[in-house]
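Source file: protein24.pdb (PDB, C-alpha atoms)
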```pdb
ATOM      1  CA  MET J   1       2.710  21.378   4.650
ATOM      2  CA  PRO J   2       5.321  18.737   5.527
ATOM      3  CA  LEU J   3       6.630  16.518   2.742
ATOM      4  CA  PHE J   4       5.582  12.900   2.949
ATOM      5  CA  PRO J   5       6.849   9.900   1.017
ATOM      6  CA  ILE J   6       5.512   9.399  -2.503
ATOM      7  CA  ARG J   7       5.268  12.626  -4.393
ATOM      8  CA  THR J   8       4.536  13.168  -8.064
ATOM      9  CA  PRO J   9       4.268  16.395 -10.027
ATOM     10  CA  GLU J  10       0.592  15.662 -10.603
ATOM     11  CA  ARG J  11      -0.342  14.877  -7.012
ATOM     12  CA  PRO J  12       0.382  16.422  -3.668
ATOM     13  CA  PRO J  13       2.098  14.138  -1.140
ATOM     14  CA  SER J  14      -0.094  11.760   0.820
ATOM     15  CA  PRO J  15       0.438  11.267   4.535
ATOM     16  CA  LYS J  16      -1.792   8.159   4.554
ATOM     17  CA  ASN J  17       0.471   5.851   2.534
ATOM     18  CA  TYR J  18       1.171   3.818   5.659
ATOM     19  CA  CYS J  19      -2.428   2.617   5.999
ATOM     20  CA  SER J  20      -3.556   1.868   2.435
ATOM     21  CA  SER J  21      -2.692  -1.036   0.161
ATOM     22  CA  VAL J  22      -1.708   1.279  -2.704
ATOM     23  CA  GLY J  23       0.400   3.447  -0.404
ATOM     24  CA  LYS J  24       2.196   0.441   1.039
ATOM     25  CA  CYS J  25       2.997  -0.798  -2.482
ATOM     26  CA  LEU J  26       4.412   2.587  -3.417
ATOM     27  CA  LEU J  27       6.468   2.740  -0.228
ATOM     28  CA  ALA J  28       7.714  -0.840  -0.535
ATOM     29  CA  TYR J  29       8.836  -0.565  -4.143
ATOM     30  CA  SER J  30      10.313   2.931  -4.241
ATOM     31  CA  ALA J  31      14.076   3.278  -4.019
ATOM     32  CA  ASP J  32      14.407   6.656  -2.341
ATOM     33  CA  ILE J  33      11.779   6.630   0.366
ATOM     34  CA  ASP J  34      12.711   8.056   3.752
ATOM     35  CA  LEU J  35      10.346   6.713   6.400
ATOM     36  CA  GLY J  36      11.893   9.106   8.899
ATOM     37  CA  ILE J  37       9.140  11.585   8.041
ATOM     38  CA  TYR J  38       6.818   9.429  10.127
ATOM     39  CA  GLU J  39       9.011   9.984  13.165
ATOM     40  CA  THR J  40       8.345  13.723  13.061
ATOM     41  CA  HIS J  41       4.770  13.401  11.776
ATOM     42  CA  PRO J  42       3.370  10.380  13.639
ATOM     43  CA  MET J  43       1.145   7.828  11.976
ATOM     44  CA  ARG J  44      -2.352   8.486  13.233
ATOM     45  CA  PRO J  45      -4.466   5.436  14.039
ATOM     46  CA  HIS J  46      -7.633   5.445  11.963
ATOM     47  CA  THR J  47      -8.802   2.104  13.399
ATOM     48  CA  ASP J  48      -7.498  -0.467  15.875
ATOM     49  CA  HIS J  49      -5.755  -2.157  12.906
ATOM     50  CA  THR J  50      -3.705   0.837  11.726
ATOM     51  CA  ILE J  51       0.080   0.529  11.754
ATOM     52  CA  THR J  52       1.349   3.320  13.981
ATOM     53  CA  THR J  53       5.107   2.787  14.352
ATOM     54  CA  VAL J  54       7.957   3.068  11.870
ATOM     55  CA  ALA J  55       9.267  -0.341  12.983
ATOM     56  CA  ALA J  56       5.923  -2.009  12.263
ATOM     57  CA  LEU J  57       5.721  -0.211   8.908
ATOM     58  CA  ARG J  58       9.220  -1.378   7.942
ATOM     59  CA  SER J  59       8.215  -4.945   8.805
ATOM     60  CA  GLU J  60       4.995  -4.638   6.796
ATOM     61  CA  LEU J  61       6.843  -3.227   3.768
ATOM     62  CA  ALA J  62       9.258  -6.180   3.867
ATOM     63  CA  LYS J  63       6.237  -8.510   3.757
ATOM     64  CA  VAL J  64       4.791  -6.549   0.830
ATOM     65  CA  ARG J  65       8.043  -7.007  -1.112
ATOM     66  CA  ASP J  66       8.159 -10.727  -0.249
ATOM     67  CA  ARG J  67       4.524 -11.364  -1.225
ATOM     68  CA  GLY J  68       4.285  -8.965  -4.157
ATOM     69  CA  TYR J  69       1.104  -7.377  -2.825
ATOM     70  CA  ALA J  70      -0.182  -5.308   0.076
ATOM     71  CA  LEU J  71      -3.250  -5.800   2.193
ATOM     72  CA  ASP J  72      -5.177  -3.115   4.020
ATOM     73  CA  HIS J  73      -7.512  -4.973   6.351
ATOM     74  CA  GLU J  74      -9.569  -2.239   7.970
ATOM     75  CA  GLU J  75      -6.498  -0.060   8.599
ATOM     76  CA  LEU J  76      -7.958   3.135   7.190
ATOM     77  CA  GLU J  77     -11.651   2.459   7.710
ATOM     78  CA  TYR J  78     -13.655  -0.214   9.496
ATOM     79  CA  GLY J  79     -15.501  -2.457   7.089
ATOM     80  CA  LEU J  80     -13.097  -1.780   4.181
ATOM     81  CA  THR J  81     -10.462  -4.232   2.953
ATOM     82  CA  CYS J  82      -8.130  -3.574   0.023
ATOM     83  CA  ILE J  83      -5.639  -5.682  -1.917
ATOM     84  CA  GLY J  84      -2.967  -3.683  -3.751
ATOM     85  CA  ALA J  85      -0.185  -4.564  -6.169
ATOM     86  CA  PRO J  86       2.567  -2.359  -7.566
ATOM     87  CA  ILE J  87       2.980  -1.275 -11.158
ATOM     88  CA  LEU J  88       6.734  -1.529 -11.696
ATOM     89  CA  ASP J  89       9.059   0.049 -14.240
ATOM     90  CA  GLN J  90      11.982  -1.758 -15.855
ATOM     91  CA  LYS J  91      14.139  -1.107 -12.773
ATOM     92  CA  GLY J  92      11.552  -2.771 -10.511
ATOM     93  CA  GLU J  93      10.520   0.500  -8.907
ATOM     94  CA  ALA J  94       6.905   1.500  -8.354
ATOM     95  CA  VAL J  95       5.456   4.011 -10.775
ATOM     96  CA  ALA J  96       1.886   3.365  -9.610
ATOM     97  CA  ALA J  97      -0.232   0.720  -7.917
ATOM     98  CA  ILE J  98      -3.671  -0.786  -8.355
ATOM     99  CA  SER J  99      -6.092  -2.122  -5.798
ATOM    100  CA  LEU J 100      -9.236  -4.105  -5.399
ATOM    101  CA  SER J 101     -11.310  -2.707  -2.563
ATOM    102  CA  GLY J 102     -14.597  -3.610  -1.031
ATOM    103  CA  PRO J 103     -16.560  -4.361   2.094
ATOM    104  CA  THR J 104     -14.572  -6.654   4.364
ATOM    105  CA  SER J 105     -17.436  -9.147   4.517
ATOM    106  CA  ARG J 106     -17.280  -9.601   0.732
ATOM    107  CA  MET J 107     -13.526  -9.307   0.304
ATOM    108  CA  LEU J 108     -12.801 -12.041   2.833
ATOM    109  CA  SER J 109     -15.636 -14.344   1.817
ATOM    110  CA  GLY J 110     -14.833 -17.005  -0.715
ATOM    111  CA  ASP J 111     -11.324 -17.336  -2.069
ATOM    112  CA  ILE J 112      -9.256 -14.290  -1.114
ATOM    113  CA  GLU J 113      -6.180 -15.954  -2.641
ATOM    114  CA  GLU J 114      -7.939 -15.882  -6.016
ATOM    115  CA  ARG J 115      -8.542 -12.145  -5.629
ATOM    116  CA  ILE J 116      -4.932 -11.561  -4.599
ATOM    117  CA  GLU J 117      -3.624 -13.492  -7.603
ATOM    118  CA  ALA J 118      -5.932 -11.570  -9.948
ATOM    119  CA  VAL J 119      -4.682  -8.197  -8.664
ATOM    120  CA  LYS J 120      -1.056  -9.334  -8.938
ATOM    121  CA  ARG J 121      -1.600 -10.695 -12.464
ATOM    122  CA  ILE J 122      -3.183  -7.463 -13.680
ATOM    123  CA  ALA J 123      -0.376  -5.418 -12.107
ATOM    124  CA  ARG J 124       2.213  -7.606 -13.880
ATOM    125  CA  GLU J 125       0.389  -7.157 -17.190
ATOM    126  CA  ILE J 126       0.374  -3.383 -16.797
ATOM    127  CA  SER J 127       4.010  -3.393 -15.669
ATOM    128  CA  SER J 128       5.039  -5.335 -18.770
ATOM    129  CA  ASN J 129       4.124  -2.263 -20.841
ATOM    130  CA  PHE J 130       6.908  -0.196 -19.238
TER     131      PHE J 130
END
```
What does the file become when written as C-alpha cells?
Amino acid sequence: MPLFPIRTPERPPSPKNYCSSVGKCLLAYSADIDLGIYETHPMRPHTDHTITTVAALRSELAKVRDRGYALDHEELEYGLTCIGAPILDQKGEAVAAISLSGPTSRMLSGDIEERIEAVKRIAREISSNF
C-alpha cells in the first residue's frame, strides 16, 4: 500500500484527504506534508466537483489556511456537503479536525456562515486545550 499524507499510529493513511473537509484541514495545517504522492497516485474524481490536480489542491489548501475552515461541497459524494475546521496544537499544526456534515439541501439552506462560524468556534475551543 502506498503511503499517503496524514498518518497516525492509530489509523492507516487515507488517500481521500484531498476531497473531504477534514482531510483538507489536516493537509493545510500540517508542516511536513508532501503532496507529491498525488502525482504518482492520482486523485480520483468521485464527483464532478472533486479536485483532481495537485495545483488545484495547493490552491484549495491556501484558501483553507486563509479562511480557517475547509468546505467539501459534493466532492466525495453527491448530495453531501461538509464544513471542517482544524484542531491545532500550540505550534499551530493540525492534530485533528472536526466537521459538520449533512445533505447539501440542508447545509446550504439558511445561514451557512453561521454554521461555518460554529464549526470554527468549536475547533478553537478544543484547540485551546492543547
Given the choices J:Thr40, J:Asn129, J:Thr53, J:Ser20, which gets closest to Glu77 (chain J) if the distance is worked out from only C-alpha atoms? J:Ser20
Any chance you could work out the residue set of the PyMOL selection byres ((chain J and resi 70) around 9) here, as a PDB file with C-alpha atoms, in the frame of the given file?
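Saved result, out_34.pdb, follows:
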```
ATOM      1  CA  SER J  20      -3.556   1.868   2.435  1.00  0.00           C
ATOM      2  CA  SER J  21      -2.692  -1.036   0.161  1.00  0.00           C
ATOM      3  CA  VAL J  22      -1.708   1.279  -2.704  1.00  0.00           C
ATOM      4  CA  GLY J  23       0.400   3.447  -0.404  1.00  0.00           C
ATOM      5  CA  LYS J  24       2.196   0.441   1.039  1.00  0.00           C
ATOM      6  CA  CYS J  25       2.997  -0.798  -2.482  1.00  0.00           C
ATOM      7  CA  GLU J  60       4.995  -4.638   6.796  1.00  0.00           C
ATOM      8  CA  LEU J  61       6.843  -3.227   3.768  1.00  0.00           C
ATOM      9  CA  LYS J  63       6.237  -8.510   3.757  1.00  0.00           C
ATOM     10  CA  VAL J  64       4.791  -6.549   0.830  1.00  0.00           C
ATOM     11  CA  ARG J  65       8.043  -7.007  -1.112  1.00  0.00           C
ATOM     12  CA  ARG J  67       4.524 -11.364  -1.225  1.00  0.00           C
ATOM     13  CA  GLY J  68       4.285  -8.965  -4.157  1.00  0.00           C
ATOM     14  CA  TYR J  69       1.104  -7.377  -2.825  1.00  0.00           C
ATOM     15  CA  LEU J  71      -3.250  -5.800   2.193  1.00  0.00           C
ATOM     16  CA  ASP J  72      -5.177  -3.115   4.020  1.00  0.00           C
ATOM     17  CA  CYS J  82      -8.130  -3.574   0.023  1.00  0.00           C
ATOM     18  CA  ILE J  83      -5.639  -5.682  -1.917  1.00  0.00           C
ATOM     19  CA  GLY J  84      -2.967  -3.683  -3.751  1.00  0.00           C
ATOM     20  CA  ALA J  85      -0.185  -4.564  -6.169  1.00  0.00           C
ATOM     21  CA  PRO J  86       2.567  -2.359  -7.566  1.00  0.00           C
ATOM     22  CA  SER J  99      -6.092  -2.122  -5.798  1.00  0.00           C
TER      23      SER J  99
END
```
Report the residues retrieved by the PyMOL selection byres ((chain J and resi 33-35) around 12) from the displayed file, expressed as a ChimeraX atom specification. /J:3-7,15,17-18,23-32,36-43,53-58,61,93-94
Matched chain/residue IDs from the PyMOL selection byres ((chain J and resi 128) around 12), as a PyMOL selection string: chain J and resi 86-92+121-127+129-130
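Our summary of the geometry notes that CA of His49 (chain J) is positioned 6.2 Å from CA of Glu74 (chain J).
Going from CA of Lys120 (chain J) to CA of Gly79 (chain J) covers 22.6 Å.
Between Ile98 (chain J) and the candidates J:Ala62, J:Thr52, J:Thr47, J:Val119, the tightest atom-to-atom separation, counting all atoms listed in the file, involves J:Val119.
Interatomic distance, CA of Pro45 (chain J) to CA of Ala118 (chain J): 29.4 Å.
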